[in-house]
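The structure file target-v4.tsv is reproduced below (TSV, C-alpha atoms and all ligand atoms).
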chain	number	residue	atom	x	y	z
A	716	MET	CA	-12.04	-23.79	1.20
A	717	ASN	CA	-8.65	-22.71	2.54
A	718	ASP	CA	-7.92	-22.27	6.28
A	719	PHE	CA	-8.73	-18.55	6.13
A	720	GLU	CA	-12.14	-19.17	4.59
A	721	ILE	CA	-12.88	-21.93	7.09
A	722	ARG	CA	-12.08	-19.52	9.95
A	723	LEU	CA	-14.14	-16.76	8.35
A	724	HIS	CA	-17.13	-19.09	8.13
A	725	ARG	CA	-16.67	-20.48	11.61
A	726	ASP	CA	-16.14	-17.19	13.46
A	727	CYS	CA	-17.93	-14.61	11.33
A	728	GLY	CA	-20.46	-16.73	9.41
A	729	SER	CA	-19.64	-15.13	6.07
A	730	ASP	CA	-17.71	-15.27	2.81
A	731	LEU	CA	-15.47	-12.42	1.71
A	732	ASN	CA	-17.23	-10.45	-1.00
A	733	GLY	CA	-16.66	-7.10	-2.67
A	734	SER	CA	-18.90	-4.22	-1.75
A	735	GLY	CA	-18.48	-1.70	-4.57
A	736	ILE	CA	-15.27	-0.26	-6.01
A	737	LYS	CA	-14.31	2.95	-4.23
A	738	VAL	CA	-10.59	2.74	-4.88
A	739	ILE	CA	-8.61	1.82	-7.97
A	740	GLN	CA	-5.11	0.88	-6.93
A	741	VAL	CA	-2.62	0.84	-9.79
A	742	ASN	CA	0.73	-0.85	-9.43
A	743	ILE	CA	2.69	0.74	-12.27
A	744	GLY	CA	5.80	-1.41	-11.90
A	745	PHE	CA	8.20	-3.27	-9.68
A	746	ARG	CA	11.28	-1.12	-10.26
A	747	CYS	CA	12.43	0.60	-7.09
A	748	ASN	CA	15.51	2.53	-6.02
A	749	GLN	CA	15.44	0.59	-2.73
A	750	ASN	CA	15.69	-3.09	-1.91
A	751	CYS	CA	13.91	-3.35	1.47
A	752	LYS	CA	14.11	-6.48	3.60
A	753	HIS	CA	10.35	-6.66	4.09
A	754	CYS	CA	9.24	-5.95	0.48
A	755	HIS	CA	6.29	-8.19	-0.37
A	756	LEU	CA	6.75	-7.67	-4.12
A	757	ASP	CA	10.48	-8.28	-4.21
A	758	CYS	CA	10.99	-4.88	-5.85
A	759	GLY	CA	14.38	-3.38	-6.60
A	760	PRO	CA	16.50	-1.48	-9.11
A	761	LEU	CA	16.85	-4.46	-11.45
A	762	ARG	CA	13.15	-5.27	-11.86
A	763	GLU	CA	11.97	-4.55	-15.39
A	764	GLU	CA	8.21	-4.94	-15.06
A	765	MET	CA	6.66	-1.55	-15.88
A	766	MET	CA	3.16	-0.58	-17.04
A	767	ASP	CA	3.05	0.65	-20.66
A	768	TRP	CA	1.05	3.61	-21.90
A	769	GLU	CA	-1.54	1.41	-23.58
A	770	THR	CA	-2.39	-0.14	-20.20
A	771	MET	CA	-2.34	3.25	-18.47
A	772	SER	CA	-4.80	4.51	-21.10
A	773	GLU	CA	-7.10	1.59	-20.28
A	774	VAL	CA	-6.86	2.49	-16.58
A	775	LEU	CA	-7.81	6.09	-17.45
A	776	LYS	CA	-10.83	4.77	-19.38
A	777	VAL	CA	-11.96	2.59	-16.47
A	778	ALA	CA	-11.50	5.43	-13.97
A	779	ARG	CA	-13.59	7.72	-16.19
A	780	ALA	CA	-16.30	5.08	-16.33
A	781	ILE	CA	-16.53	4.21	-12.64
A	782	GLN	CA	-15.47	7.50	-11.00
A	783	PRO	CA	-13.74	6.00	-7.94
A	784	GLU	CA	-13.25	8.04	-4.78
A	785	LEU	CA	-9.50	7.57	-5.14
A	786	VAL	CA	-6.90	6.40	-7.64
A	787	ASP	CA	-4.02	5.06	-5.56
A	788	ILE	CA	-0.70	4.71	-7.43
A	789	THR	CA	1.93	2.34	-6.12
A	790	GLY	CA	4.93	0.24	-7.18
A	791	GLY	CA	7.93	-0.27	-6.75
A	792	ALA	CA	8.76	3.38	-6.62
A	793	PRO	CA	6.09	4.79	-8.93
A	794	GLU	CA	7.87	8.14	-9.35
A	795	ILE	CA	10.75	6.56	-11.27
A	796	HIS	CA	8.42	5.21	-13.97
A	797	PRO	CA	9.09	7.36	-17.07
A	798	LEU	CA	5.33	7.82	-17.71
A	799	PHE	CA	4.43	8.57	-14.09
A	800	ARG	CA	3.89	12.33	-14.48
A	801	LYS	CA	1.85	12.00	-17.64
A	802	PHE	CA	-0.33	9.37	-15.98
A	803	VAL	CA	-0.90	11.55	-12.89
A	804	GLU	CA	-1.57	14.61	-15.07
A	805	ASP	CA	-4.19	12.78	-17.11
A	806	LEU	CA	-5.89	11.36	-14.01
A	807	CYS	CA	-6.02	14.82	-12.44
A	808	ARG	CA	-7.24	16.39	-15.68
A	809	ASP	CA	-10.12	13.90	-15.56
A	810	GLY	CA	-10.95	15.19	-12.07
A	811	HIS	CA	-9.85	12.18	-10.00
A	812	THR	CA	-8.38	12.36	-6.53
A	813	VAL	CA	-4.93	10.82	-6.91
A	814	GLN	CA	-2.79	9.33	-4.18
A	815	VAL	CA	0.84	8.29	-4.58
A	816	ARG	CA	2.68	5.82	-2.37
A	817	THR	CA	6.29	6.93	-2.08
A	818	ASN	CA	9.31	5.56	-0.29
A	819	LEU	CA	10.49	9.23	0.00
A	820	THR	CA	14.07	8.46	-1.14
A	821	ALA	CA	12.92	8.08	-4.77
A	822	LEU	CA	12.03	11.77	-4.66
A	823	LEU	CA	15.73	12.52	-4.16
A	824	GLU	CA	16.80	10.71	-7.33
A	825	PRO	CA	18.16	12.87	-10.18
A	826	GLY	CA	15.38	14.56	-12.18
A	827	MET	CA	12.86	14.42	-9.32
A	828	GLU	CA	13.70	17.82	-7.83
A	829	ASP	CA	10.45	19.46	-8.90
A	830	LEU	CA	8.15	16.54	-7.99
A	831	PRO	CA	7.04	17.97	-4.60
A	832	GLN	CA	5.94	21.12	-6.43
A	833	PHE	CA	4.22	18.99	-9.11
A	834	PHE	CA	2.38	17.05	-6.39
A	835	LYS	CA	1.27	20.27	-4.77
A	836	GLU	CA	-0.04	21.72	-8.03
A	837	LYS	CA	-2.04	18.56	-8.73
A	838	LYS	CA	-3.12	18.23	-5.07
A	839	VAL	CA	-1.85	14.66	-5.07
A	840	HIS	CA	-2.26	12.90	-1.71
A	841	ILE	CA	0.98	11.38	-0.42
A	842	VAL	CA	1.44	8.16	1.54
A	843	ALA	CA	5.06	7.78	2.62
A	844	SER	CA	6.92	4.87	4.22
A	845	MET	CA	8.42	5.75	7.58
A	846	PRO	CA	8.55	2.57	9.67
A	847	CYS	CA	9.87	4.27	12.80
A	848	TYR	CA	10.84	7.66	14.16
A	849	LEU	CA	14.21	6.21	15.19
A	850	GLU	CA	17.11	6.13	12.71
A	851	GLU	CA	18.51	2.68	13.50
A	852	ASN	CA	15.14	0.97	13.04
A	853	VAL	CA	14.45	2.63	9.68
A	854	ASN	CA	17.92	1.90	8.33
A	855	ALA	CA	17.79	-1.72	9.52
A	856	GLN	CA	14.59	-2.31	7.58
A	857	ARG	CA	15.07	-0.10	4.52
A	858	GLY	CA	18.82	0.32	4.10
A	859	ASN	CA	21.64	2.53	5.37
A	860	GLY	CA	21.06	6.24	4.94
A	861	VAL	CA	17.32	5.88	4.26
A	862	TYR	CA	16.29	7.60	7.50
A	863	LYS	CA	18.21	10.83	6.86
A	864	LYS	CA	16.97	11.01	3.26
A	865	SER	CA	13.39	10.37	4.37
A	866	ILE	CA	13.57	13.15	6.95
A	867	GLN	CA	15.05	15.49	4.34
A	868	MET	CA	12.20	14.76	1.96
A	869	ILE	CA	9.43	15.06	4.56
A	870	LYS	CA	10.82	18.51	5.38
A	871	LYS	CA	10.65	19.44	1.68
A	872	LEU	CA	7.07	18.22	1.51
A	873	ASN	CA	6.25	20.24	4.63
A	874	GLU	CA	7.69	23.32	2.88
A	875	GLN	CA	5.13	22.78	0.11
A	876	GLY	CA	2.39	22.63	2.73
A	877	TYR	CA	2.09	18.82	2.88
A	878	GLY	CA	1.02	17.58	6.29
A	879	LYS	CA	0.10	21.12	7.26
A	880	ILE	CA	-2.96	22.02	5.22
A	881	HIS	CA	-6.08	19.98	4.66
A	882	GLU	CA	-5.90	19.66	0.85
A	883	LEU	CA	-2.27	18.43	0.95
A	884	PRO	CA	-2.39	15.36	3.20
A	885	LEU	CA	0.79	13.49	4.05
A	886	PHE	CA	0.24	10.06	5.60
A	887	LEU	CA	3.17	8.19	7.09
A	888	VAL	CA	3.27	4.40	7.15
A	889	TYR	CA	4.58	2.28	10.00
A	890	ASN	CA	5.23	-1.43	9.76
A	891	PRO	CA	6.80	-3.57	12.47
A	892	GLY	CA	10.53	-4.22	12.36
A	893	GLY	CA	10.04	-7.92	13.13
A	894	PRO	CA	7.51	-10.73	13.61
A	895	PHE	CA	5.03	-8.87	15.80
A	896	LEU	CA	1.79	-7.00	15.22
A	897	PRO	CA	1.54	-3.20	14.99
A	898	PRO	CA	0.58	-1.38	18.20
A	899	ASP	CA	-2.50	0.82	18.52
A	900	GLN	CA	-2.45	3.29	15.61
A	901	ALA	CA	-3.72	6.38	17.46
A	902	GLN	CA	-1.25	5.91	20.29
A	903	LEU	CA	1.70	5.39	17.95
A	904	GLU	CA	0.63	8.38	15.86
A	905	GLY	CA	0.91	10.50	19.01
A	906	ASP	CA	4.45	9.21	19.58
A	907	TYR	CA	5.45	9.88	15.95
A	908	LYS	CA	4.00	13.39	16.03
A	909	ARG	CA	5.78	14.27	19.25
A	910	GLU	CA	9.14	12.75	18.30
A	911	LEU	CA	9.29	13.95	14.69
A	912	PHE	CA	8.23	17.45	15.65
A	913	ASN	CA	10.62	17.70	18.61
A	914	ARG	CA	13.56	16.31	16.65
A	915	PHE	CA	13.00	17.90	13.23
A	916	GLY	CA	9.98	20.25	13.35
A	917	ILE	CA	8.17	17.80	11.06
A	918	HIS	CA	4.39	17.79	10.50
A	919	PHE	CA	2.26	15.04	8.98
A	920	THR	CA	-1.46	14.33	8.69
A	921	SER	CA	-1.85	10.85	10.16
A	922	LEU	CA	-0.08	7.56	10.65
A	923	TYR	CA	-1.11	4.28	9.07
A	924	THR	CA	0.00	1.14	10.87
A	925	LEU	CA	0.41	-1.88	8.59
A	926	ALA	CA	1.15	-5.48	9.51
A	927	ASN	CA	3.91	-7.38	7.75
A	928	MET	CA	2.28	-9.96	5.52
A	929	PRO	CA	3.48	-13.57	5.52
A	930	ILE	CA	4.73	-13.30	1.94
A	931	GLY	CA	7.69	-11.96	-0.05
A	932	ARG	CA	11.07	-11.06	1.40
A	933	PHE	CA	9.71	-10.65	4.93
A	934	TRP	CA	8.41	-14.21	4.90
A	935	GLU	CA	11.62	-15.59	3.37
A	936	GLY	CA	13.57	-13.83	6.12
A	937	LEU	CA	11.38	-15.40	8.81
A	938	LYS	CA	11.78	-18.83	7.25
A	939	ASN	CA	15.56	-18.43	7.32
A	940	GLN	CA	15.35	-17.52	11.00
A	941	LYS	CA	12.88	-20.38	11.58
A	942	LYS	CA	10.34	-17.90	12.94
A	943	ASP	CA	7.74	-18.41	10.22
A	944	ASP	CA	5.55	-20.89	12.16
A	945	GLU	CA	5.55	-18.67	15.22
A	946	TYR	CA	4.50	-15.61	13.20
A	947	MET	CA	1.76	-17.48	11.37
A	948	GLN	CA	0.45	-18.73	14.70
A	949	LEU	CA	0.38	-15.14	15.98
A	950	LEU	CA	-1.66	-14.06	12.94
A	951	VAL	CA	-4.07	-16.98	13.15
A	952	GLU	CA	-4.58	-16.62	16.89
A	953	GLY	CA	-5.08	-12.88	16.42
A	954	PHE	CA	-7.93	-13.35	13.92
A	955	ASN	CA	-10.47	-10.62	14.59
A	956	CYS	CA	-13.94	-10.69	13.01
A	957	GLN	CA	-14.35	-6.97	13.58
A	958	THR	CA	-11.74	-6.27	10.89
A	959	VAL	CA	-13.59	-8.11	8.12
A	960	GLU	CA	-16.16	-5.44	7.25
A	961	ALA	CA	-13.41	-2.90	6.44
A	962	LEU	CA	-10.91	-5.15	4.62
A	963	MET	CA	-9.54	-3.14	1.72
A	964	CYS	CA	-10.13	-5.84	-0.90
A	965	ARG	CA	-13.89	-5.36	-0.39
A	966	TYR	CA	-13.77	-1.78	-1.68
A	967	GLN	CA	-11.00	-1.72	-4.27
A	968	ILE	CA	-9.64	-3.31	-7.38
A	969	CYS	CA	-5.90	-3.58	-8.01
A	970	ILE	CA	-4.45	-3.30	-11.47
A	971	ALA	CA	-0.98	-4.76	-11.95
A	972	TRP	CA	1.66	-3.38	-14.31
A	973	ASP	CA	0.55	-5.75	-17.10
A	974	GLY	CA	-3.16	-4.88	-16.76
A	975	THR	CA	-4.16	-8.00	-14.83
A	976	LEU	CA	-6.84	-7.38	-12.18
A	977	TYR	CA	-6.34	-8.47	-8.57
A	978	ASP	CA	-8.20	-8.05	-5.29
A	979	CYS	CA	-5.16	-6.50	-3.58
A	980	ASP	CA	-1.45	-5.81	-3.93
A	981	PHE	CA	-0.61	-8.89	-1.83
A	982	ASN	CA	-2.46	-11.06	-4.31
A	983	ILE	CA	-0.34	-9.48	-7.05
A	984	ALA	CA	2.73	-10.69	-5.15
A	985	LEU	CA	1.25	-14.18	-4.99
A	986	LYS	CA	0.07	-14.11	-8.63
A	987	LEU	CA	-3.56	-14.67	-7.57
A	988	PRO	CA	-5.77	-12.69	-9.97
A	989	VAL	CA	-9.48	-12.10	-9.34
A	990	ARG	CA	-11.61	-15.22	-9.14
A	991	GLU	CA	-11.58	-17.56	-12.13
A	992	GLY	CA	-14.38	-16.89	-14.57
A	993	LEU	CA	-14.41	-13.14	-13.89
A	994	PRO	CA	-12.95	-10.63	-16.34
A	995	ASN	CA	-9.36	-10.42	-15.14
A	996	TYR	CA	-7.77	-7.99	-17.55
A	997	ILE	CA	-8.14	-4.21	-17.67
A	998	LYS	CA	-9.47	-4.27	-21.26
A	999	ASP	CA	-12.33	-6.52	-20.14
A	1000	PHE	CA	-13.18	-4.47	-17.04
A	1001	ASN	CA	-16.82	-4.93	-16.10
A	1002	PRO	CA	-17.85	-3.01	-12.96
A	1003	GLY	CA	-21.22	-4.73	-12.72
A	1004	VAL	CA	-19.59	-8.13	-12.41
A	1005	LEU	CA	-16.53	-7.08	-10.41
A	1006	SER	CA	-18.18	-4.89	-7.75
A	1007	ASN	CA	-19.59	-7.73	-5.70
A	1008	ARG	CA	-17.08	-10.42	-6.65
A	1009	ARG	CA	-16.01	-13.15	-4.26
A	1010	ILE	CA	-12.51	-12.22	-3.07
A	1011	VAL	CA	-9.64	-14.65	-3.69
A	1012	THR	CA	-8.12	-15.47	-0.31
A	1013	GLY	CA	-5.34	-17.59	1.17
A	1014	VAL	CA	-3.60	-18.06	4.49
A	1015	HIS	CA	-1.78	-14.74	3.88
A	1016	CYS	CA	-5.14	-13.02	4.54
A	1017	PHE	CA	-4.64	-13.72	8.26
A	1018	GLY	CA	-2.12	-10.83	8.02
A	1019	CYS	CA	-5.00	-8.40	7.36
A	1020	THR	CA	-7.37	-9.71	10.03
A	1021	ALA	CA	-5.01	-10.14	12.99
A	1022	GLY	CA	-5.30	-7.86	16.00
A	1023	LEU	CA	-6.56	-4.41	15.02
A	1024	GLY	CA	-6.42	-5.33	11.34
A	1025	SER	CA	-4.29	-3.96	8.53
A	1026	SER	CA	-4.83	-2.35	5.16
A	1027	CYS	CA	-3.23	0.19	2.83
A	1028	GLY	CA	-5.14	2.78	4.87
A	1029	GLY	CA	-3.87	1.55	8.23
A	1030	SER	CA	-5.58	-0.39	11.00
A	1031	LEU	CA	-9.19	-1.48	10.59
A	1032	THR	CA	-10.41	-1.25	14.18
A	1033	SER	CA	-9.23	0.50	17.32
A	1034	ASN	CA	-8.71	-0.61	20.90
A	1101	LIG	S1	9.12	-1.97	0.25
A	1101	LIG	FE1	8.67	-0.23	-1.09
A	1101	LIG	S2	10.56	0.98	-1.06
A	1101	LIG	FE2	11.09	-1.05	-0.31
A	1101	LIG	S3	11.80	-2.22	-2.10
A	1101	LIG	FE3	9.60	-2.62	-1.85
A	1101	LIG	S4	8.58	-1.11	-3.16
A	1101	LIG	FE4	10.69	-0.39	-2.83
A	1102	LIG	S1	-4.56	-10.24	1.67
A	1102	LIG	FE1	-5.76	-9.14	0.16
A	1102	LIG	S2	-7.48	-10.52	-0.27
A	1102	LIG	FE2	-6.60	-11.17	1.67
A	1102	LIG	S3	-7.78	-10.10	3.24
A	1102	LIG	FE3	-5.96	-8.87	2.79
A	1102	LIG	S4	-6.63	-7.41	1.26
A	1102	LIG	FE4	-8.16	-9.07	1.31

Taking this structure as input, can you express it in the form of C-alpha cells?
Ligand code: SF4
Ligand code: SF4
Amino acid sequence: MNDFEIRLHRDCGSDLNGSGIKVIQVNIGFRCNQNCKHCHLDCGPLREEMMDWETMSEVLKVARAIQPELVDITGGAPEIHPLFRKFVEDLCRDGHTVQVRTNLTALLEPGMEDLPQFFKEKKVHIVASMPCYLEENVNAQRGNGVYKKSIQMIKKLNEQGYGKIHELPLFLVYNPGGPFLPPDQAQLEGDYKRELFNRFGIHFTSLYTLANMPIGRFWEGLKNQKKDDEYMQLLVEGFNCQTVEALMCRYQICIAWDGTLYDCDFNIALKLPVREGLPNYIKDFNPGVLSNRRIVTGVHCFGCTAGLGSSCGGSLTSN
C-alpha cells in the first residue's frame, strides 16, 4: 500500500473503488496552442500525440454500449485536433451529452471562427480555464496576452447564449496561482460573477475550483523553488475523508490518445493505467469488470482529497 492508501484505510476505513461509469473522459491529444506553467500533462505546440480515427471509433462504440451521462473531451487543446469536429458530431448524432474542455485561446486560432456556433448547434457543454478574474494572475500562469483573448472568447460564447441559457452551460475553472489550496467555491464564484460582469458584462454558469496536483510542470516548478515538501505537507495535512465518496475516478473512465484506459487524467500524466489484470485498452473495454474496479492511486491523490476536495467538476464538499 502507498501512503495515500494507508491514510485512506486509517482515516476512512476503505479502499478506493469505482462505483459505475457515468462519465467517459477522452483525452484526444497533448498538442496545445499554450504552454502553461502548471500543465500536468506537459502539453504544448510541439507535442505530437493525437488520437487517431480508429481509436475514436472505438470510443464511439463504447459510448453507444454504456450510454454514459457525459462524454467529456479534453487535451491538450482538443479543438485543434483535425478530427475534433467529426468526433463531436458523431457523439452528438448518437445522442450523447458532450462536454469540451477549452483553454479559450484555441478558439481564436485560424479556422476556429465558427466553432462557437458549432458548439451551440450541438449543445456542447463548455468548461473553460479562467484561473482568475485579474489579468496579471491569468497571464502569469498561462502566458502573456491570454487574459484578453480569454475575455474576448467568453464574450463571443455569451453572444451565442453560453452562460446565459440553461441548455448552453459555460463553466469556468479556477486553479490557484501557487502552492496553496483553492478557497471556498461558492464564495469565489460570487466574486468572479461580480467582477467579470462589472468589468466586461460577462455571464457564466458556475465556477469550478481545482487544486494544483503535485505532478507535471507545476510540481517541477515547486521543486525548483524548493517548495515541493511544503506543498505536499499541506495536501497530506488537509486530507479530508468527506471528499472520498465523490472523487471523480469513482464514476469515470479516462481514455488516453492511444486508447489506453486510466482512472483519471492525472494518472495519464503519470502513465498509471487501470489496475494490472484489468482490460486496459479501449478495444478490450469491459464495463462489467471496469465499473467497480479498484482505483490505482499514489501520493498525488492527496491533491484530490485535501481541503474541500478537487475534481474536474470542481470542489467535492463545501464549508
Ligand atoms: S494547462 Fe491546458 S491550456 Fe495549458 S498547456 Fe496544458 S492543456 Fe494547454
Ligand atoms: S488523482 Fe486520480 S486516482 Fe487519485 S484520487 Fe484523484 S482522481 Fe482519483

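Atom pair atom CA of A:Leu785 / atom CA of A:Leu806: separated by 10.3 Å.
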
For A:Ser772, list every protein, DNA or RNA residue within 10 Å, evaluated using all atoms listed in the file, and leave out those in the same chain fewer than 5 positions away; present the list as a CSV table (one decimal) with C-alpha atoms, in the frame of the given file.
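Final file, selection_3.csv:
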chain,number,residue,atom,x,y,z
A,767,ASP,CA,3.0,0.6,-20.7
A,777,VAL,CA,-12.0,2.6,-16.5
A,778,ALA,CA,-11.5,5.4,-14.0
A,802,PHE,CA,-0.3,9.4,-16.0
A,805,ASP,CA,-4.2,12.8,-17.1
A,806,LEU,CA,-5.9,11.4,-14.0
A,997,ILE,CA,-8.1,-4.2,-17.7
A,998,LYS,CA,-9.5,-4.3,-21.3

Please identify every residue of chain A that has at least one atom no farther than 9 Å from an atom of ligand LIG 1102 (chain A), counting all atoms listed in the file, and for each give the shortest atom pair and the distance in Å to one decimal, arranged by chain then increasing number, as a Markdown table.
| residue | atom | partner | partner_atom | distance |
| --- | --- | --- | --- | --- |
| A:Phe719 | CA | A:LIG1102 | FE2 | 8.9 |
| A:Leu731 | CA | A:LIG1102 | FE4 | 8.1 |
| A:Met928 | CA | A:LIG1102 | S1 | 7.9 |
| A:Val959 | CA | A:LIG1102 | S3 | 7.8 |
| A:Leu962 | CA | A:LIG1102 | FE4 | 5.8 |
| A:Met963 | CA | A:LIG1102 | S4 | 5.2 |
| A:Cys964 | CA | A:LIG1102 | FE4 | 4.4 |
| A:Arg965 | CA | A:LIG1102 | FE4 | 7.0 |
| A:Tyr977 | CA | A:LIG1102 | S2 | 8.6 |
| A:Asp978 | CA | A:LIG1102 | S2 | 5.6 |
| A:Cys979 | CA | A:LIG1102 | FE1 | 4.6 |
| A:Asp980 | CA | A:LIG1102 | FE1 | 6.8 |
| A:Phe981 | CA | A:LIG1102 | S1 | 5.4 |
| A:Asn982 | CA | A:LIG1102 | FE1 | 5.9 |
| A:Ile1010 | CA | A:LIG1102 | S2 | 6.0 |
| A:Val1011 | CA | A:LIG1102 | S2 | 5.8 |
| A:Thr1012 | CA | A:LIG1102 | FE2 | 5.0 |
| A:Gly1013 | CA | A:LIG1102 | FE2 | 6.6 |
| A:Val1014 | CA | A:LIG1102 | FE2 | 8.0 |
| A:His1015 | CA | A:LIG1102 | S1 | 5.7 |
| A:Cys1016 | CA | A:LIG1102 | FE2 | 3.7 |
| A:Phe1017 | CA | A:LIG1102 | S3 | 6.9 |
| A:Gly1018 | CA | A:LIG1102 | FE3 | 6.8 |
| A:Cys1019 | CA | A:LIG1102 | FE3 | 4.7 |
| A:Thr1020 | CA | A:LIG1102 | S3 | 6.8 |
| A:Ser1025 | CA | A:LIG1102 | FE3 | 7.7 |
| A:Ser1026 | CA | A:LIG1102 | S4 | 6.6 |
| A:Cys1027 | CA | A:LIG1102 | S4 | 8.5 |

Counting only C-alpha atoms, the option among A:Gln957, A:Lys837, A:Pro988, A:Leu937 closest to A:Thr1032 | A:Gln957

Work out how far apart atom CA of A:Ile721 and atom CA of A:Glu991 are and give it in Å to one decimal.
->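 Taking atom CA of A:Ile721 as the start and atom CA of A:Glu991 as the end point, the length is 19.8 Å.
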
Closest pair table for chain A residues within 8 Å of ligand LIG 1101 (chain A), only C-alpha atoms and all ligand atoms, as a Markdown table:
| residue | atom | partner | partner_atom | distance |
| --- | --- | --- | --- | --- |
| A:Phe745 | CA | A:LIG1101 | S4 | 6.9 |
| A:Arg746 | CA | A:LIG1101 | FE4 | 7.5 |
| A:Cys747 | CA | A:LIG1101 | FE4 | 4.7 |
| A:Asn748 | CA | A:LIG1101 | FE4 | 6.5 |
| A:Gln749 | CA | A:LIG1101 | S3 | 4.6 |
| A:Asn750 | CA | A:LIG1101 | S3 | 4.0 |
| A:Cys751 | CA | A:LIG1101 | FE2 | 4.1 |
| A:Lys752 | CA | A:LIG1101 | FE2 | 7.3 |
| A:His753 | CA | A:LIG1101 | S1 | 6.2 |
| A:Cys754 | CA | A:LIG1101 | S1 | 4.0 |
| A:His755 | CA | A:LIG1101 | FE3 | 6.6 |
| A:Leu756 | CA | A:LIG1101 | FE3 | 6.2 |
| A:Asp757 | CA | A:LIG1101 | FE3 | 6.2 |
| A:Cys758 | CA | A:LIG1101 | S3 | 4.7 |
| A:Gly759 | CA | A:LIG1101 | S3 | 5.3 |
| A:Gly790 | CA | A:LIG1101 | S4 | 5.6 |
| A:Gly791 | CA | A:LIG1101 | S4 | 3.7 |
| A:Ala792 | CA | A:LIG1101 | S4 | 5.7 |
| A:Thr817 | CA | A:LIG1101 | S2 | 7.4 |
| A:Asn818 | CA | A:LIG1101 | S2 | 4.8 |
| A:Ser844 | CA | A:LIG1101 | S2 | 7.5 |
| A:Arg857 | CA | A:LIG1101 | FE2 | 6.3 |

Could you name the residues that touch stretch 918-924 of chain A at 9 Å or less, counting only C-alpha atoms, but leaving out those on the same chain fewer than 6 positions away, as an MDAnalysis selection string?
-> chainID A and resid 842 846 869:870 873 877:881 883:891 897:901 903:905 907:908 911:912 1025:1030

Selection: 8 Å around A:Ala971, all atoms listed in the file, excl. self and same-chain fewer than 4 positions, as a list in words = Val741, Asn742, Ile743, Gly744, Met766, Thr975, Leu976, Tyr977 and Ile983 of chain A

Between A:Gly728, A:Gly953, A:Leu987, A:Val861, which is the closest to A:Ala821 once you count all atoms listed in the file?
-> A:Val861

Of the residues A:Gln875, A:Ser734, A:Asn854, A:Gln948, which is the one nearest to A:Tyr966, using all atoms listed in the file?
->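 Once distances to A:Tyr966 are computed over all atoms listed in the file, the minimum belongs to A:Ser734.
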
Considering all atoms listed in the file, state which residue in the set A:Ile841, A:Met765, A:Ile739, A:Val951 is at the smallest distance from A:Arg779.
-> A:Ile739

Work out how far apart atom CA of A:Gly860 and atom CA of A:Leu872 are and give it in Å to one decimal.
->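 According to the coordinates, atom CA of A:Gly860 and atom CA of A:Leu872 are separated by 18.7 Å.
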
Among A:Glu960, A:Phe833, A:Met771, A:Gln740, A:Arg816 is approached most closely, using all atoms listed in the file, by A:Gln740

Spatial sel., origin (-11.5, -4.7, -17.1), limit 12 Å, all atoms listed in the file, listed as JSON, numbers by chain | {"A": [739, 770, 773, 774, 775, 776, 777, 778, 780, 781, 968, 969, 970, 971, 974, 975, 976, 977, 989, 993, 994, 995, 996, 997, 998, 999, 1000, 1001, 1002, 1003, 1004, 1005, 1006]}
